[in-house]
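Data from upload-v4.txt: compact mmCIF, C-alpha atoms
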```txt
# COMPACT_ATOMS: atom_id res chain seq x y z
CA MET N 643 -117.10 19.35 109.26
CA ILE N 644 -115.35 20.64 106.12
CA ILE N 645 -113.06 23.62 106.53
CA THR N 646 -111.12 25.73 104.01
CA ILE N 647 -107.48 26.73 104.48
CA LYS N 648 -106.14 28.83 101.62
CA ASP N 649 -102.70 29.46 103.11
CA ASP N 650 -99.74 27.03 103.29
CA PHE N 651 -100.85 23.95 105.26
CA ASP N 652 -99.24 20.51 104.91
CA LEU N 653 -100.08 17.98 107.61
CA LYS N 654 -97.20 15.62 106.92
CA LYS N 655 -94.62 18.40 106.89
CA ILE N 656 -95.99 19.70 110.18
CA GLU N 657 -95.73 16.21 111.68
CA TYR N 658 -92.07 15.89 110.66
CA SER N 659 -91.03 19.50 111.26
CA GLY N 660 -89.30 18.67 114.57
CA GLN N 661 -91.45 20.98 116.68
CA CYS N 662 -94.12 18.49 117.81
CA PHE N 663 -93.80 14.85 118.80
CA ARG N 664 -97.37 13.57 119.24
CA ALA N 665 -98.77 14.56 115.86
CA LYS N 666 -99.26 11.41 113.82
CA GLU N 667 -100.65 10.07 110.56
CA LEU N 668 -102.64 6.98 111.54
CA THR N 669 -101.17 3.83 110.01
CA ASP N 670 -104.56 2.19 109.44
CA PHE N 671 -106.14 5.33 108.00
CA PRO N 672 -103.73 6.86 105.44
CA GLY N 673 -104.07 10.61 105.13
CA LEU N 674 -105.79 10.96 108.50
CA PHE N 675 -103.71 12.94 111.01
CA ARG N 676 -104.14 13.21 114.77
CA PHE N 677 -103.17 16.19 116.88
CA ILE N 678 -103.49 16.46 120.67
CA LEU N 679 -103.84 19.64 122.69
CA ASP N 680 -104.26 18.99 126.42
CA ASP N 681 -107.52 16.96 126.62
CA LYS N 682 -108.58 17.81 123.05
CA ILE N 683 -107.94 15.40 120.18
CA LEU N 684 -108.33 16.43 116.54
CA TYR N 685 -108.51 14.15 113.52
CA ILE N 686 -108.01 15.99 110.25
CA LYS N 687 -107.73 14.85 106.63
CA LYS N 688 -107.16 16.69 103.37
CA ILE N 689 -109.96 15.91 100.92
CA GLU N 690 -109.07 18.27 98.07
CA GLU N 691 -106.99 21.38 97.45
CA ASN N 692 -107.49 23.77 100.39
CA LYS N 693 -110.28 21.59 101.82
CA PHE N 694 -109.98 19.50 104.98
CA GLU N 695 -112.34 17.35 106.97
CA VAL N 696 -112.14 17.77 110.75
CA ASP N 697 -114.00 15.92 113.51
CA CYS N 698 -114.53 18.88 115.81
CA SER N 699 -117.26 21.48 116.22
CA GLU N 700 -117.12 24.83 114.47
CA ALA N 701 -116.60 26.52 117.84
CA ASP N 702 -113.65 24.27 118.70
CA TRP N 703 -112.11 24.81 115.28
CA THR N 704 -112.37 28.58 115.68
CA ASN N 705 -111.39 28.87 119.34
CA ILE N 706 -108.91 26.01 119.80
CA TRP N 707 -107.48 24.68 116.56
CA THR N 708 -107.25 27.90 114.54
CA PRO N 709 -104.82 29.45 117.06
CA PHE N 710 -103.10 26.07 117.53
CA PHE N 711 -102.20 25.99 113.81
CA ASP N 712 -101.41 29.73 113.79
CA LEU N 713 -103.94 30.27 111.02
CA GLY N 714 -103.97 34.00 111.71
CA THR N 715 -100.49 34.27 110.17
CA ASN N 716 -99.99 34.29 106.39
CA TYR N 717 -97.07 31.91 105.79
CA SER N 718 -97.26 32.23 102.01
CA LYS N 719 -96.64 35.95 102.41
CA ILE N 720 -93.69 35.21 104.68
CA ARG N 721 -92.14 32.94 102.06
CA LYS N 722 -92.62 35.52 99.33
CA SER N 723 -90.84 38.13 101.44
CA ILE N 724 -87.48 36.32 101.23
CA VAL N 725 -84.97 38.15 99.04
CA ASP N 726 -81.22 37.84 98.47
CA ASP N 727 -81.02 34.55 100.36
CA PRO N 728 -80.89 31.60 97.94
CA PHE N 729 -80.63 28.93 100.61
CA MET N 730 -83.60 30.21 102.61
CA HIS N 731 -85.60 30.70 99.43
CA ASN N 732 -85.06 27.04 98.52
CA ALA N 733 -85.70 25.92 102.10
CA SER N 734 -88.98 27.81 102.33
CA ASP N 735 -90.19 26.40 99.02
CA PHE N 736 -89.29 22.89 100.15
CA GLY N 737 -90.93 23.40 103.56
CA ALA N 738 -94.03 25.22 102.32
CA GLY N 739 -96.92 24.00 104.48
CA ILE N 740 -95.10 23.99 107.81
CA ARG N 741 -96.74 26.14 110.46
CA LEU N 742 -95.65 26.95 114.01
CA LEU N 743 -97.97 25.23 116.48
CA ALA N 744 -99.11 26.76 119.77
CA GLN N 745 -98.34 23.84 122.07
CA PRO N 746 -98.97 23.42 125.82
CA HIS N 747 -96.24 24.87 128.03
CA PHE N 748 -95.51 21.90 130.29
CA GLU N 749 -95.67 19.31 127.51
CA THR N 750 -93.35 21.37 125.32
CA LEU N 751 -90.91 21.91 128.17
CA ILE N 752 -90.70 18.21 129.00
CA SER N 753 -90.63 17.17 125.34
CA PHE N 754 -87.59 19.31 124.56
CA ILE N 755 -85.81 18.25 127.73
CA ILE N 756 -86.32 14.69 126.45
CA SER N 757 -85.15 15.70 122.96
CA GLN N 758 -81.54 16.27 124.01
CA ARG N 759 -79.19 13.89 122.18
CA LYS N 760 -82.11 11.89 120.76
CA ASN N 761 -83.40 11.57 117.22
CA ILE N 762 -87.07 12.26 116.46
CA PRO N 763 -88.28 8.61 116.48
CA ALA N 764 -86.62 8.06 119.87
CA ILE N 765 -88.12 11.28 121.24
CA LYS N 766 -91.59 10.25 120.07
CA SER N 767 -91.18 6.80 121.60
CA SER N 768 -90.18 8.16 125.01
CA ILE N 769 -93.02 10.69 125.04
CA GLU N 770 -95.62 8.06 124.13
CA LYS N 771 -94.32 5.71 126.83
CA LEU N 772 -94.44 8.52 129.40
CA SER N 773 -98.00 9.40 128.35
CA GLU N 774 -99.15 5.78 128.48
CA LEU N 775 -97.61 5.41 131.92
CA LEU N 776 -98.91 8.61 133.51
CA GLY N 777 -101.51 10.23 131.23
CA GLN N 778 -105.28 9.92 131.10
CA LYS N 779 -106.64 7.34 128.67
CA TYR N 780 -109.06 8.35 125.91
CA THR N 781 -110.80 6.01 123.48
CA THR N 782 -111.76 7.40 120.08
CA GLU N 783 -113.24 5.65 117.05
CA TYR N 784 -109.72 5.23 115.70
CA GLU N 785 -107.48 4.42 118.65
CA GLU N 786 -106.74 4.45 122.34
CA ILE N 787 -104.67 7.50 123.20
CA TYR N 788 -103.26 9.04 126.36
CA SER N 789 -102.97 12.68 127.35
CA PHE N 790 -99.61 14.10 128.30
CA PRO N 791 -99.05 13.72 132.06
CA THR N 792 -99.50 16.58 134.49
CA PRO N 793 -96.64 17.71 136.76
CA GLU N 794 -98.43 16.05 139.68
CA ALA N 795 -98.65 12.74 137.82
CA VAL N 796 -94.92 12.86 137.14
CA LEU N 797 -94.18 13.51 140.82
CA ASN N 798 -96.43 10.65 141.92
CA ALA N 799 -94.44 8.17 139.80
CA SER N 800 -91.22 6.55 140.89
CA PHE N 801 -87.86 7.50 139.41
CA ASP N 802 -87.47 3.96 138.07
CA ASP N 803 -90.87 3.97 136.36
CA ILE N 804 -90.13 7.25 134.61
CA ASN N 805 -86.64 6.09 133.70
CA ARG N 806 -88.08 3.00 131.98
CA CYS N 807 -89.54 5.32 129.34
CA GLY N 808 -86.07 5.47 127.79
CA LEU N 809 -85.11 8.76 129.42
CA GLY N 810 -81.72 7.99 130.97
CA TYR N 811 -80.04 11.03 132.54
CA ARG N 812 -83.06 13.15 131.51
CA THR N 813 -85.22 11.51 134.20
CA GLY N 814 -83.85 13.76 136.92
CA TYR N 815 -84.34 16.82 134.73
CA ILE N 816 -87.99 15.92 134.12
CA ILE N 817 -88.66 15.42 137.82
CA ASP N 818 -86.97 18.75 138.60
CA ALA N 819 -89.13 20.53 136.02
CA ALA N 820 -92.32 18.91 137.34
CA GLN N 821 -91.37 19.85 140.91
CA LYS N 822 -90.70 23.48 140.02
CA VAL N 823 -94.02 23.76 138.15
CA ALA N 824 -96.04 21.95 140.83
CA ASP N 825 -94.50 24.09 143.58
CA LYS N 826 -95.13 27.21 141.49
CA ASP N 827 -91.45 28.12 141.56
CA ILE N 828 -92.00 28.39 137.81
CA LYS N 829 -95.46 29.66 136.82
CA LEU N 830 -95.56 28.71 133.18
CA ASN N 831 -98.64 30.74 132.28
CA GLU N 832 -97.25 33.86 133.91
CA LEU N 833 -94.08 33.60 131.83
CA GLU N 834 -96.19 34.69 128.85
CA ALA N 835 -95.94 38.28 130.11
CA LEU N 836 -92.12 38.32 130.04
CA ASP N 837 -90.01 39.62 127.19
CA ASP N 838 -87.92 37.15 125.23
CA ASP N 839 -84.73 37.48 127.29
CA GLU N 840 -86.56 37.23 130.62
CA LEU N 841 -88.53 34.21 129.37
CA ILE N 842 -85.35 32.41 128.28
CA ASN N 843 -83.63 33.17 131.60
CA GLN N 844 -86.56 31.87 133.64
CA LEU N 845 -86.76 28.65 131.64
CA LYS N 846 -83.03 28.11 132.13
CA THR N 847 -83.50 27.97 135.91
CA ILE N 848 -84.85 24.46 135.33
CA LYS N 849 -82.26 21.72 135.51
CA GLY N 850 -81.27 20.49 132.05
CA VAL N 851 -82.64 23.52 130.20
CA GLY N 852 -79.95 25.38 128.27
CA ASP N 853 -80.11 27.88 125.44
CA LYS N 854 -81.34 25.44 122.80
CA VAL N 855 -84.14 23.88 124.86
CA ALA N 856 -85.25 27.24 126.26
CA ASN N 857 -85.42 28.76 122.78
CA CYS N 858 -87.40 25.78 121.49
CA VAL N 859 -89.91 26.10 124.31
CA ALA N 860 -90.17 29.84 123.76
CA LEU N 861 -90.75 29.44 120.03
CA PHE N 862 -92.99 26.37 119.97
CA SER N 863 -95.08 27.07 123.06
CA TYR N 864 -94.93 30.81 123.71
CA GLY N 865 -95.06 31.88 120.07
CA ARG N 866 -91.82 33.88 120.15
CA LYS N 867 -91.26 33.93 116.39
CA SER N 868 -88.23 36.20 116.70
CA LEU N 869 -86.27 33.31 118.26
CA ALA N 870 -84.44 30.74 116.13
CA PRO N 871 -83.14 27.79 118.20
CA VAL N 872 -79.69 26.51 117.21
CA ASP N 873 -79.21 22.74 117.33
CA VAL N 874 -76.57 20.67 115.57
CA TRP N 875 -78.41 20.90 112.22
CA ILE N 876 -78.81 24.66 112.37
CA GLN N 877 -75.21 25.13 113.53
CA ARG N 878 -74.08 23.05 110.55
CA LEU N 879 -76.15 25.31 108.30
CA ILE N 880 -74.63 28.44 109.82
CA ASP N 881 -71.10 27.08 109.40
CA ASN N 882 -71.44 25.58 105.92
CA GLU N 883 -73.90 27.87 104.13
CA TYR N 884 -73.37 31.23 105.84
CA ASN N 885 -69.65 31.18 106.76
CA GLY N 886 -70.36 31.18 110.49
CA THR N 887 -72.79 34.12 110.44
CA ASN N 888 -76.25 33.46 111.86
CA PRO N 889 -78.68 34.19 108.98
CA PHE N 890 -81.80 34.30 111.13
CA VAL N 891 -81.00 37.57 112.88
CA LYS N 892 -81.93 39.61 109.80
CA TYR N 893 -85.40 38.08 109.71
CA GLY N 894 -86.46 39.76 112.95
CA ASP N 895 -89.91 38.69 114.13
CA ILE N 896 -90.16 35.82 111.62
CA ALA N 897 -86.76 34.27 112.42
CA GLY N 898 -88.41 31.25 114.03
CA VAL N 899 -90.42 30.52 110.90
CA MET N 900 -87.22 30.65 108.86
CA GLN N 901 -85.60 28.28 111.35
CA GLN N 902 -88.36 25.74 110.78
CA TYR N 903 -87.99 25.91 107.01
CA ALA N 904 -84.21 25.56 107.34
CA PHE N 905 -84.41 22.66 109.80
CA TYR N 906 -86.88 20.74 107.65
CA TYR N 907 -84.81 21.35 104.52
CA MET N 908 -81.61 20.23 106.26
CA THR N 909 -83.18 17.06 107.65
CA HIS N 910 -85.45 16.07 104.74
CA GLY N 911 -84.22 17.81 101.61
CA LYS N 912 -80.50 18.45 101.26
```
Target format structure tokens, applied to this file:
Amino acid sequence: MIITIKDDFDLKKIEYSGQCFRAKELTDFPGLFRFILDDKILYIKKIEENKFEVDCSEADWTNIWTPFFDLGTNYSKIRKSIVDDPFMHNASDFGAGIRLLAQPHFETLISFIISQRKNIPAIKSSIEKLSELLGQKYTTEYEEIYSFPTPEAVLNASFDDINRCGLGYRTGYIIDAAQKVADKDIKLNELEALDDDELINQLKTIKGVGDKVANCVALFSYGRKSLAPVDVWIQRLIDNEYNGTNPFVKYGDIAGVMQQYAFYYMTHGK
């Protein structure tokens, strides 16, 4: 099926934006990107300006992938709204095409627990190993791929097996998170009803989840665009470009979008 996207939409920038770790351009099929959402797998390729070929039904594109890619939000308009902020203006131009993805709660939680003190290739490697070990196998015309494991699958595995996915001290954190979700001590879907502060506080009851991880989960899985996670790159930006003053506060309910532009610019541009 051919679909039209007139707003900012760049598959490679989305893949390398630091918010998702299973998106991938297939090595043997240049220009073809794969995205996974629970048990749904999408292959998408740009064929001309604003035109993309997707391998899903029209209903799935409308009901699943349109909200996943946040296509109801006009990112071009967001970029054009930036005034009196030269760094963010440059960052948004450089990062034009990035969109905030609506990712599954448990996968996002575990992924950002894994992300601590790891670079993006190492994070991706650990997540793929964990999925291959504990996820469900799917065979498509392009590849064999595994779904992200459920909390129950994590709990049914041994500590040593999970640890062999390159997780180190994070193994205990992942098991704790899976236990809390499986036992319904943390009801991830019900957290959607909480305000930002309550959501962050609930996520931080999970071992290994501090401010940065909780804010990442809230932004990249719960769609809290007013939150702008601060990692080492963003802290460096705050210190070096804004004299220690957090620039994202003034952007209100689009602060998280600005954070993504800034992170991508810091890690791929400057």
**Report entry** CA of Ala799 (chain N) to CA of Ile848 (chain N), distance in Å rounded to a single decimal
**Finding:**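 Between these atoms lies a distance of 19.4 Å.
Each of N:Trp703, N:Phe801, N:Phe651, N:Tyr811 was compared to Arg759 (chain N) using all atoms listed in the file, and N:Tyr811 turns out to be the nearest.
Each of N:Ile740, N:Val874, N:Cys698, N:Val725 was compared to Val899 (chain N) using all atoms listed in the file, and N:Ile740 turns out to be the nearest.
CA of Lys849 (chain N) to CA of Tyr815 (chain N) spans 5.4 Å [interatomic distance, one decimal].
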Report task. Around the point (-89.8, 18.5, 137.5), in the coordinates given by the file, pick out the residues reaching within 12 Å, counting all atoms listed in the file, and return them as a VMD selection string. Result -> chain N and resid 748 to 749 751 to 752 755 791 to 799 801 804 812 to 828 847 to 851
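Taking CA of Leu653 (chain N) as the reference point, CA of Phe890 (chain N) is found at 24.8 Å.
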Report task. Point out the residue among N:Lys829, N:Lys688, N:Arg721, N:Lys666 with the least atom-to-atom distance to Ala897 (chain N), counting all atoms listed in the file. Result ->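 Answer, going by the shortest atom-to-atom distance: N:Arg721.
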Wanna dump the region 676-717 of chain N-region 865-871 of chain N contacts at 12 Å for me, each residue with its shortest atom pair and the distance in Å to one decimal, counting only C-alpha atoms, ordered by chain and number, as JSON lines?
```
{"residue": "N:Pro709", "atom": "CA", "partner": "N:Gly865", "partner_atom": "CA", "distance": 10.5}
{"residue": "N:Phe710", "atom": "CA", "partner": "N:Gly865", "partner_atom": "CA", "distance": 10.2}
{"residue": "N:Phe711", "atom": "CA", "partner": "N:Gly865", "partner_atom": "CA", "distance": 11.2}
{"residue": "N:Asp712", "atom": "CA", "partner": "N:Gly865", "partner_atom": "CA", "distance": 9.2}
{"residue": "N:Thr715", "atom": "CA", "partner": "N:Lys867", "partner_atom": "CA", "distance": 11.1}
```
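Here the question is which of N:Tyr784, N:Tyr893, N:Tyr903, N:Phe862 gets nearest to Cys662 (chain N) using all atoms listed in the file, and that residue is N:Phe862.
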Query raised in the report: Out of N:Ser757, N:Ser723, N:Thr708, N:Asn692, which residue has the shortest atom-to-atom distance to Phe663 (chain N) when counting all atoms listed in the file?
Result: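 Closest candidate: N:Ser757.
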Query - Nearest-residue call for Asn857 (chain N), choices N:Ser718, N:Gln901, N:Ser734, N:Asn885, using only C-alpha atoms - result: N:Gln901
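Near Cys858 (chain N), within a cut-off of 8 Å and counting only C-alpha atoms, sit the residues Gln661, Phe754, Lys854, Val855, Ala856, Ala860, Leu861, Phe862, Ser863, Ala870 and Pro871 of chain N, with same-chain residues fewer than 2 positions away left out.
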Report task. For Arg664 (chain N), list every protein, DNA or RNA residue within 7 Å, evaluated using only C-alpha atoms, and leave out those in the same chain fewer than 4 positions away; present the list as a list in words. Result ->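 These residues fall inside the cut-off: Phe677, Ile678 and Lys766 of chain N.
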Requested in this report: Find the residues near Tyr906 (chain N): any atom within 8 Å, counting all atoms listed in the file, skip ones fewer than 3 places away on the same chain, and give them as an NGL selection string.
Outcome: :N and (658-660 or 733 or 737 or 902-903 or 909-911)
Generate the missing atoms of region 885-912 of chain N up to N, CA and C atoms and report them as a PDB file, in the coordinates of the input.
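New file rebuild.pdb:
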```
ATOM      1  N   ASN N 885     -71.007  30.826 106.307  1.00  0.00           N
ATOM      2  CA  ASN N 885     -69.650  31.180 106.760  1.00  0.00           C
ATOM      3  C   ASN N 885     -69.606  31.614 108.220  1.00  0.00           C
ATOM      4  N   GLY N 886     -70.409  30.932 109.054  1.00  0.00           N
ATOM      5  CA  GLY N 886     -70.360  31.180 110.490  1.00  0.00           C
ATOM      6  C   GLY N 886     -71.217  32.335 110.969  1.00  0.00           C
ATOM      7  N   THR N 887     -71.916  32.997 110.067  1.00  0.00           N
ATOM      8  CA  THR N 887     -72.790  34.120 110.440  1.00  0.00           C
ATOM      9  C   THR N 887     -74.236  33.643 110.543  1.00  0.00           C
ATOM     10  N   ASN N 888     -74.871  33.889 111.663  1.00  0.00           N
ATOM     11  CA  ASN N 888     -76.250  33.460 111.860  1.00  0.00           C
ATOM     12  C   ASN N 888     -77.173  34.213 110.901  1.00  0.00           C
ATOM     13  N   PRO N 889     -77.847  33.509 109.979  1.00  0.00           N
ATOM     14  CA  PRO N 889     -78.680  34.190 108.980  1.00  0.00           C
ATOM     15  C   PRO N 889     -80.053  34.590 109.493  1.00  0.00           C
ATOM     16  N   PHE N 890     -80.431  34.086 110.657  1.00  0.00           N
ATOM     17  CA  PHE N 890     -81.800  34.300 111.130  1.00  0.00           C
ATOM     18  C   PHE N 890     -82.004  35.673 111.761  1.00  0.00           C
ATOM     19  N   VAL N 891     -80.901  36.286 112.202  1.00  0.00           N
ATOM     20  CA  VAL N 891     -81.000  37.570 112.880  1.00  0.00           C
ATOM     21  C   VAL N 891     -81.696  38.606 111.995  1.00  0.00           C
ATOM     22  N   LYS N 892     -81.386  38.592 110.702  1.00  0.00           N
ATOM     23  CA  LYS N 892     -81.930  39.610 109.800  1.00  0.00           C
ATOM     24  C   LYS N 892     -83.428  39.454 109.564  1.00  0.00           C
ATOM     25  N   TYR N 893     -83.980  38.300 109.953  1.00  0.00           N
ATOM     26  CA  TYR N 893     -85.400  38.080 109.710  1.00  0.00           C
ATOM     27  C   TYR N 893     -86.294  38.569 110.846  1.00  0.00           C
ATOM     28  N   GLY N 894     -85.688  39.100 111.897  1.00  0.00           N
ATOM     29  CA  GLY N 894     -86.460  39.760 112.950  1.00  0.00           C
ATOM     30  C   GLY N 894     -87.563  38.899 113.523  1.00  0.00           C
ATOM     31  N   ASP N 895     -88.811  39.373 113.447  1.00  0.00           N
ATOM     32  CA  ASP N 895     -89.910  38.690 114.130  1.00  0.00           C
ATOM     33  C   ASP N 895     -90.455  37.483 113.382  1.00  0.00           C
ATOM     34  N   ILE N 896     -89.806  37.079 112.275  1.00  0.00           N
ATOM     35  CA  ILE N 896     -90.160  35.820 111.620  1.00  0.00           C
ATOM     36  C   ILE N 896     -88.979  34.854 111.577  1.00  0.00           C
ATOM     37  N   ALA N 897     -87.964  35.119 112.394  1.00  0.00           N
ATOM     38  CA  ALA N 897     -86.760  34.270 112.420  1.00  0.00           C
ATOM     39  C   ALA N 897     -87.102  32.822 112.733  1.00  0.00           C
ATOM     40  N   GLY N 898     -88.040  32.611 113.643  1.00  0.00           N
ATOM     41  CA  GLY N 898     -88.410  31.250 114.030  1.00  0.00           C
ATOM     42  C   GLY N 898     -89.078  30.484 112.904  1.00  0.00           C
ATOM     43  N   VAL N 899     -89.823  31.171 112.069  1.00  0.00           N
ATOM     44  CA  VAL N 899     -90.420  30.520 110.900  1.00  0.00           C
ATOM     45  C   VAL N 899     -89.322  30.095 109.934  1.00  0.00           C
ATOM     46  N   MET N 900     -88.351  30.976 109.728  1.00  0.00           N
ATOM     47  CA  MET N 900     -87.220  30.650 108.860  1.00  0.00           C
ATOM     48  C   MET N 900     -86.438  29.446 109.407  1.00  0.00           C
ATOM     49  N   GLN N 901     -86.308  29.402 110.722  1.00  0.00           N
ATOM     50  CA  GLN N 901     -85.600  28.280 111.350  1.00  0.00           C
ATOM     51  C   GLN N 901     -86.297  26.968 111.039  1.00  0.00           C
ATOM     52  N   GLN N 902     -87.622  26.972 111.067  1.00  0.00           N
ATOM     53  CA  GLN N 902     -88.360  25.740 110.780  1.00  0.00           C
ATOM     54  C   GLN N 902     -88.184  25.304 109.334  1.00  0.00           C
ATOM     55  N   TYR N 903     -88.241  26.247 108.412  1.00  0.00           N
ATOM     56  CA  TYR N 903     -87.990  25.910 107.010  1.00  0.00           C
ATOM     57  C   TYR N 903     -86.580  25.343 106.844  1.00  0.00           C
ATOM     58  N   ALA N 904     -85.609  25.998 107.471  1.00  0.00           N
ATOM     59  CA  ALA N 904     -84.210  25.560 107.340  1.00  0.00           C
ATOM     60  C   ALA N 904     -84.009  24.181 107.950  1.00  0.00           C
ATOM     61  N   PHE N 905     -84.571  23.954 109.149  1.00  0.00           N
ATOM     62  CA  PHE N 905     -84.410  22.660 109.800  1.00  0.00           C
ATOM     63  C   PHE N 905     -85.026  21.550 108.955  1.00  0.00           C
ATOM     64  N   TYR N 906     -86.223  21.774 108.455  1.00  0.00           N
ATOM     65  CA  TYR N 906     -86.880  20.740 107.650  1.00  0.00           C
ATOM     66  C   TYR N 906     -86.106  20.463 106.363  1.00  0.00           C
ATOM     67  N   TYR N 907     -85.589  21.507 105.743  1.00  0.00           N
ATOM     68  CA  TYR N 907     -84.810  21.350 104.520  1.00  0.00           C
ATOM     69  C   TYR N 907     -83.515  20.588 104.798  1.00  0.00           C
ATOM     70  N   MET N 908     -82.851  20.914 105.903  1.00  0.00           N
ATOM     71  CA  MET N 908     -81.610  20.230 106.260  1.00  0.00           C
ATOM     72  C   MET N 908     -81.838  18.770 106.565  1.00  0.00           C
ATOM     73  N   THR N 909     -82.954  18.431 107.195  1.00  0.00           N
ATOM     74  CA  THR N 909     -83.180  17.060 107.650  1.00  0.00           C
ATOM     75  C   THR N 909     -83.957  16.209 106.641  1.00  0.00           C
ATOM     76  N   HIS N 910     -84.647  16.838 105.691  1.00  0.00           N
ATOM     77  CA  HIS N 910     -85.450  16.070 104.740  1.00  0.00           C
ATOM     78  C   HIS N 910     -85.150  16.347 103.273  1.00  0.00           C
ATOM     79  N   GLY N 911     -84.436  17.441 103.019  1.00  0.00           N
ATOM     80  CA  GLY N 911     -84.220  17.810 101.610  1.00  0.00           C
ATOM     81  C   GLY N 911     -82.803  17.669 101.155  1.00  0.00           C
ATOM     82  N   LYS N 912     -81.891  18.446 101.728  1.00  0.00           N
ATOM     83  CA  LYS N 912     -80.500  18.450 101.260  1.00  0.00           C
ATOM     84  C   LYS N 912     -79.804  17.124 101.549  1.00  0.00           C
TER      85      LYS N 912
END
```
